[in-house]
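Trainee: Quick one: the structure is below, questions incoming.
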Amino acid sequence: MIAITGPDQGGGPAWLFTALAVWRAGGRPVRLRPGKPCSHCHFDGLIIGGGADVDPELYGETPPEGPDTEAIRAAERHLSQRLIGYLFYPALWLLRRLFQSHGGVLDRNRDRLEKALIHRALDDHRPMLGICRGMQLVNVVHGGTLQRDLTDFYVETPRARGLLPVKPVTLEPRSHLADILGDTPLYVNALHDQAVDALGHGLQVAAHDGAGVVQAIEAERGWCVGVQWHPEYLPQKRRHQHLFRALVRAAAHS
């Protein structure tokens, strides 16, 4: 049983693709939201999904005066992608635009639910995967902080952004994540506006991009991995799906 978190409003495509990835990996997905938290539901593994920015007050920063109005840009085209990419990603981009949650507004009810679930998973030694916002919240719960503006990181390095896997990241060769995905460079998608700054206690960097932005973290002990990209939106990429298979395997033995 793999619990997958998300918002009350929107988040449908993320839930469907994450649930599909879990099901393909041999797990049984269950959806948890602030309005339907299922507080006493049993789960063997936890996925903290992507979405609205983490409340900056959780890591000692001043909250923004208004919502982030930057819209998610259209999916980027890449000549080396196969035909499936040209058919699949524009449709997925449209679905995300139609069902996008909160328009960038903070979701404090979701923050509270997911913080409680993260603590529960840690206390019960359940494997956990954080995706994008989920990775950031895992870091915050461990006492870390976030970079709220990545502009300065990409002054010399172009900033890739989109649903297609066009952004190269480097995995730390001796990391748990490299054991799962291999330590050769990995191409990922990029939809994030924030990133990990100071690492939380007991965490280490598992991957970074060419500009030095942290792209993955993991626990020094136990099964806890966070990735800045969205592997659920890459169902045709076997290497990315290994992440869900590893989570389900770990959950089966937890």
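The chains in the structure tokens are called A, B, ... from first to last as shown; in each chain the residues are counted from 1, and the ligands are counted from 1 in the order shown.
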Fewer than 2 positions away in the same chain doesn't count, so skip those; otherwise give me all residues within 7 Å of Ala198 (chain A), counting only C-alpha atoms, as number ranges by chain.
Mentor: A: 144-146, 196, 200
Trainee: Create the file for the chosen residues now, containing C-alpha atoms and written as an mmCIF file, in the first residue's frame.
Mentor:
data_model
loop_
_atom_site.group_PDB
_atom_site.id
_atom_site.type_symbol
_atom_site.label_atom_id
_atom_site.label_comp_id
_atom_site.auth_asym_id
_atom_site.auth_seq_id
_atom_site.Cartn_x
_atom_site.Cartn_y
_atom_site.Cartn_z
ATOM 1 C CA GLY A 144 16.631 22.466 6.040
ATOM 2 C CA THR A 145 15.800 25.585 4.015
ATOM 3 C CA LEU A 146 14.862 26.391 0.426
ATOM 4 C CA VAL A 196 16.912 22.962 -1.665
ATOM 5 C CA GLY A 200 18.268 19.137 6.591
#
Trainee: With only C-alpha atoms as the counted atoms, please give the residues lying no more than 8 Å from region 239-253 of chain A, apart from itself and same-chain residues fewer than 2 positions off, as a PyMOL selection string.
Mentor: chain A and resi 1-2+21-22+25-27+44-45+126-129+180-181+223+231-232+234-235+237
Trainee: Mind dumping the selected residues with C-alpha atoms as a PDB file, in the first residue's frame?
Mentor:
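Final output, saved to out31.pdb:
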ATOM      1  CA  MET A   1       0.000   0.000   0.000  1.00  0.00           C
ATOM      2  CA  ILE A   2       1.607   3.254  -1.184  1.00  0.00           C
ATOM      3  CA  ALA A  21       3.682   4.188 -11.863  1.00  0.00           C
ATOM      4  CA  VAL A  22       3.012   2.598  -8.465  1.00  0.00           C
ATOM      5  CA  ALA A  25       5.700  -1.379  -9.974  1.00  0.00           C
ATOM      6  CA  GLY A  26       3.447  -3.825  -8.136  1.00  0.00           C
ATOM      7  CA  GLY A  27       2.066  -1.514  -5.445  1.00  0.00           C
ATOM      8  CA  ASP A  44       3.741   0.678   3.641  1.00  0.00           C
ATOM      9  CA  GLY A  45       5.347   3.471   1.634  1.00  0.00           C
ATOM     10  CA  ARG A 126       8.463   3.473   6.077  1.00  0.00           C
ATOM     11  CA  PRO A 127      10.210   4.215   2.763  1.00  0.00           C
ATOM     12  CA  MET A 128       9.442   7.650   1.370  1.00  0.00           C
ATOM     13  CA  LEU A 129       9.785   9.409  -1.987  1.00  0.00           C
ATOM     14  CA  ILE A 180      18.726   2.617  -8.208  1.00  0.00           C
ATOM     15  CA  LEU A 181      19.139   4.617 -11.425  1.00  0.00           C
ATOM     16  CA  TRP A 223      14.946   4.644   2.580  1.00  0.00           C
ATOM     17  CA  PRO A 231       9.416  10.843 -12.862  1.00  0.00           C
ATOM     18  CA  GLU A 232       5.677  10.116 -12.894  1.00  0.00           C
ATOM     19  CA  LEU A 234       7.978   9.866 -17.811  1.00  0.00           C
ATOM     20  CA  PRO A 235       6.119   6.513 -17.984  1.00  0.00           C
ATOM     21  CA  LYS A 237      11.365   6.010 -19.622  1.00  0.00           C
TER      22      LYS A 237
END
Trainee: Go ahead and compute the interatomic distance for CA of Cys224 (chain A) and CA of Gly51 (chain A), in Å to one decimal.
Mentor: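 Calculated distance between CA of Cys224 (chain A) and CA of Gly51 (chain A) is 19.3 Å.
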Trainee: In terms of the shortest atom-to-atom distance over only C-alpha atoms, which of A:Pro168, A:Gly50, A:Gly35, A:Gly10 is closest to Cys132 (chain A)?
Mentor: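 Counting only C-alpha atoms, the residue closest to Cys132 (chain A) is A:Gly50.
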Trainee: Quote the spacing between CA of Ala3 (chain A) and CA of Leu16 (chain A) in Å to one decimal place.
Mentor: 12.9 Å
Trainee: Report as a short mmCIF file (atom, residue, chain, number, x, y, z; two decimals) with N, CA and C atoms, in the first residue's frame all protein, DNA and RNA residues lying within 9 Å of Gly134 (chain A), evaluated on only C-alpha atoms, omitting residues in the same chain fewer than 6 positions from it.
Mentor:
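Saved to part-v5.cif:
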data_model
loop_
_atom_site.label_atom_id
_atom_site.label_comp_id
_atom_site.auth_asym_id
_atom_site.auth_seq_id
_atom_site.Cartn_x
_atom_site.Cartn_y
_atom_site.Cartn_z
N THR A 5 0.27 11.73 -1.79
CA THR A 5 -0.38 12.96 -1.35
C THR A 5 -0.61 13.92 -2.52
N ILE A 47 4.56 8.59 -0.88
CA ILE A 47 5.03 9.51 -1.91
C ILE A 47 4.43 10.89 -1.63
N ILE A 48 5.30 11.87 -1.39
CA ILE A 48 4.86 13.26 -1.23
C ILE A 48 4.96 13.91 -2.61
N GLY A 49 3.81 14.25 -3.18
CA GLY A 49 3.77 14.71 -4.57
C GLY A 49 4.12 16.17 -4.74
N GLY A 50 4.14 16.60 -6.01
CA GLY A 50 4.46 17.98 -6.35
C GLY A 50 3.25 18.89 -6.21
N GLY A 51 3.46 20.19 -6.47
CA GLY A 51 2.35 21.14 -6.39
C GLY A 51 2.80 22.51 -5.96
N VAL A 54 6.03 25.29 -0.90
CA VAL A 54 6.00 25.07 0.55
C VAL A 54 5.93 26.42 1.24
N GLU A 114 0.97 16.85 5.11
CA GLU A 114 2.16 16.16 4.63
C GLU A 114 3.26 16.15 5.68
N GLY A 226 14.44 12.08 -2.36
CA GLY A 226 13.69 13.19 -2.93
C GLY A 226 14.30 13.60 -4.26
N VAL A 227 13.46 13.82 -5.27
CA VAL A 227 13.93 14.24 -6.58
C VAL A 227 13.22 15.52 -6.98
N GLN A 228 13.94 16.42 -7.64
CA GLN A 228 13.38 17.71 -8.02
C GLN A 228 12.52 17.59 -9.27
#
Trainee: Just checking: using only C-alpha atoms, which residue out of A:Leu203, A:Val166, A:Val138, A:Leu177 ends up closest to Ile118 (chain A)?
Mentor: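 The shortest atom-to-atom distance to Ile118 (chain A) comes from A:Val138.
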Trainee: Among the residues of region 2-250 of chain A, find those DSSP assigns to helix (DSSP H, G or I) from the backbone and print them as a VMD selection string.
Mentor: chain A and resid 12 to 24 56 to 59 83 to 99 102 to 104 108 to 123 133 to 141 151 to 154 176 to 181 231 to 233 238 to 250
Trainee: Quick check for you: according to DSSP on this backbone, which residues of region 109-182 of chain A are classed as strand (DSSP E)? Reply as a ChimeraX atom specification.
Mentor: /A:128-131,146-147,162-171
Trainee: Write out as a list in words the residues lying within 12 Å of Lys167 (chain A), counting only C-alpha atoms and excluding same-chain residues fewer than 2 positions away.
Mentor: Glu76, His78, Thr157, Pro158, Arg159, Ala160, Arg161, Gly162, Leu163, Leu164, Pro165, Val169, Thr170, Pro185, Leu186, Tyr187, Val188, Asn189, Ala190, Leu191, His208, Asp209, Gly210, Ala211, Val213, Gln215, Gln228, Trp229 and His230 of chain A
Trainee: Output N, CA and C atoms of each residue in that selection to a file, as a PDB file, in the first residue's frame.
Mentor:
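Final file, out.pdb:
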ATOM      1  N   GLU A  76       8.511  21.823 -23.889  1.00  0.00           N
ATOM      2  CA  GLU A  76       9.574  22.096 -24.847  1.00  0.00           C
ATOM      3  C   GLU A  76       9.749  20.922 -25.809  1.00  0.00           C
ATOM      4  N   HIS A  78      12.013  18.656 -28.433  1.00  0.00           N
ATOM      5  CA  HIS A  78      13.391  18.213 -28.553  1.00  0.00           C
ATOM      6  C   HIS A  78      13.469  17.226 -29.700  1.00  0.00           C
ATOM      7  N   THR A 157      24.462  29.476 -17.173  1.00  0.00           N
ATOM      8  CA  THR A 157      23.920  28.205 -17.654  1.00  0.00           C
ATOM      9  C   THR A 157      22.459  28.380 -18.020  1.00  0.00           C
ATOM     10  N   PRO A 158      22.047  28.063 -19.242  1.00  0.00           N
ATOM     11  CA  PRO A 158      20.639  28.198 -19.612  1.00  0.00           C
ATOM     12  C   PRO A 158      19.760  27.339 -18.709  1.00  0.00           C
ATOM     13  N   ARG A 159      18.599  27.873 -18.385  1.00  0.00           N
ATOM     14  CA  ARG A 159      17.684  27.156 -17.504  1.00  0.00           C
ATOM     15  C   ARG A 159      16.671  26.379 -18.332  1.00  0.00           C
ATOM     16  N   ALA A 160      16.772  25.062 -18.288  1.00  0.00           N
ATOM     17  CA  ALA A 160      15.804  24.209 -18.990  1.00  0.00           C
ATOM     18  C   ALA A 160      14.532  24.122 -18.171  1.00  0.00           C
ATOM     19  N   ARG A 161      13.398  24.164 -18.847  1.00  0.00           N
ATOM     20  CA  ARG A 161      12.116  24.081 -18.149  1.00  0.00           C
ATOM     21  C   ARG A 161      11.093  23.446 -19.070  1.00  0.00           C
ATOM     22  N   GLY A 162      10.386  22.443 -18.594  1.00  0.00           N
ATOM     23  CA  GLY A 162       9.361  21.798 -19.402  1.00  0.00           C
ATOM     24  C   GLY A 162       9.131  20.373 -18.977  1.00  0.00           C
ATOM     25  N   LEU A 163       8.155  19.739 -19.603  1.00  0.00           N
ATOM     26  CA  LEU A 163       7.776  18.373 -19.285  1.00  0.00           C
ATOM     27  C   LEU A 163       8.684  17.337 -19.940  1.00  0.00           C
ATOM     28  N   LEU A 164       9.353  17.721 -21.003  1.00  0.00           N
ATOM     29  CA  LEU A 164      10.238  16.786 -21.694  1.00  0.00           C
ATOM     30  C   LEU A 164      11.554  16.613 -20.924  1.00  0.00           C
ATOM     31  N   PRO A 165      12.147  15.427 -20.968  1.00  0.00           N
ATOM     32  CA  PRO A 165      13.400  15.188 -20.243  1.00  0.00           C
ATOM     33  C   PRO A 165      14.605  15.744 -20.998  1.00  0.00           C
ATOM     34  N   VAL A 169      21.290  15.945 -15.403  1.00  0.00           N
ATOM     35  CA  VAL A 169      21.710  16.035 -14.012  1.00  0.00           C
ATOM     36  C   VAL A 169      22.768  14.965 -13.758  1.00  0.00           C
ATOM     37  N   THR A 170      23.615  15.226 -12.800  1.00  0.00           N
ATOM     38  CA  THR A 170      24.686  14.310 -12.431  1.00  0.00           C
ATOM     39  C   THR A 170      24.371  13.675 -11.091  1.00  0.00           C
ATOM     40  N   PRO A 185      25.025  10.202 -16.320  1.00  0.00           N
ATOM     41  CA  PRO A 185      24.153  11.382 -16.375  1.00  0.00           C
ATOM     42  C   PRO A 185      22.725  11.015 -16.764  1.00  0.00           C
ATOM     43  N   LEU A 186      21.783  11.693 -16.145  1.00  0.00           N
ATOM     44  CA  LEU A 186      20.360  11.403 -16.331  1.00  0.00           C
ATOM     45  C   LEU A 186      19.672  12.643 -16.877  1.00  0.00           C
ATOM     46  N   TYR A 187      18.793  12.462 -17.862  1.00  0.00           N
ATOM     47  CA  TYR A 187      18.017  13.582 -18.394  1.00  0.00           C
ATOM     48  C   TYR A 187      16.646  13.592 -17.739  1.00  0.00           C
ATOM     49  N   VAL A 188      16.272  14.761 -17.206  1.00  0.00           N
ATOM     50  CA  VAL A 188      15.037  14.885 -16.442  1.00  0.00           C
ATOM     51  C   VAL A 188      14.220  16.048 -16.979  1.00  0.00           C
ATOM     52  N   ASN A 189      12.954  16.104 -16.568  1.00  0.00           N
ATOM     53  CA  ASN A 189      12.134  17.274 -16.847  1.00  0.00           C
ATOM     54  C   ASN A 189      12.318  18.290 -15.718  1.00  0.00           C
ATOM     55  N   ALA A 190      11.807  19.483 -15.904  1.00  0.00           N
ATOM     56  CA  ALA A 190      12.032  20.553 -14.922  1.00  0.00           C
ATOM     57  C   ALA A 190      10.824  21.473 -14.884  1.00  0.00           C
ATOM     58  N   LEU A 191      10.123  21.482 -13.734  1.00  0.00           N
ATOM     59  CA  LEU A 191       8.946  22.331 -13.565  1.00  0.00           C
ATOM     60  C   LEU A 191       9.035  23.178 -12.299  1.00  0.00           C
ATOM     61  N   HIS A 208      22.828  16.767  -8.756  1.00  0.00           N
ATOM     62  CA  HIS A 208      22.817  18.204  -8.977  1.00  0.00           C
ATOM     63  C   HIS A 208      22.893  18.466 -10.472  1.00  0.00           C
ATOM     64  N   ASP A 209      22.547  19.683 -10.875  1.00  0.00           N
ATOM     65  CA  ASP A 209      22.660  20.033 -12.289  1.00  0.00           C
ATOM     66  C   ASP A 209      23.925  20.846 -12.524  1.00  0.00           C
ATOM     67  N   GLY A 210      24.139  21.272 -13.776  1.00  0.00           N
ATOM     68  CA  GLY A 210      25.365  21.965 -14.132  1.00  0.00           C
ATOM     69  C   GLY A 210      25.535  23.313 -13.465  1.00  0.00           C
ATOM     70  N   ALA A 211      24.431  23.912 -12.999  1.00  0.00           N
ATOM     71  CA  ALA A 211      24.498  25.205 -12.323  1.00  0.00           C
ATOM     72  C   ALA A 211      24.704  25.061 -10.825  1.00  0.00           C
ATOM     73  N   VAL A 213      22.525  23.541  -8.759  1.00  0.00           N
ATOM     74  CA  VAL A 213      21.259  23.420  -8.046  1.00  0.00           C
ATOM     75  C   VAL A 213      21.045  21.961  -7.646  1.00  0.00           C
ATOM     76  N   GLN A 215      19.387  18.630  -7.235  1.00  0.00           N
ATOM     77  CA  GLN A 215      18.314  17.982  -7.983  1.00  0.00           C
ATOM     78  C   GLN A 215      17.791  16.718  -7.315  1.00  0.00           C
ATOM     79  N   GLN A 228      13.945  16.421  -7.637  1.00  0.00           N
ATOM     80  CA  GLN A 228      13.377  17.706  -8.018  1.00  0.00           C
ATOM     81  C   GLN A 228      12.516  17.594  -9.274  1.00  0.00           C
ATOM     82  N   TRP A 229      12.739  16.553 -10.056  1.00  0.00           N
ATOM     83  CA  TRP A 229      11.979  16.385 -11.300  1.00  0.00           C
ATOM     84  C   TRP A 229      10.715  15.550 -11.059  1.00  0.00           C
ATOM     85  N   HIS A 230       9.985  15.248 -12.137  1.00  0.00           N
ATOM     86  CA  HIS A 230       8.721  14.514 -12.055  1.00  0.00           C
ATOM     87  C   HIS A 230       8.829  13.195 -12.815  1.00  0.00           C
TER      88      HIS A 230
END
Trainee: Do you have the CA of Leu113 (chain A)-CA of Ala206 (chain A) distance handy?
Mentor: 26.1 Å
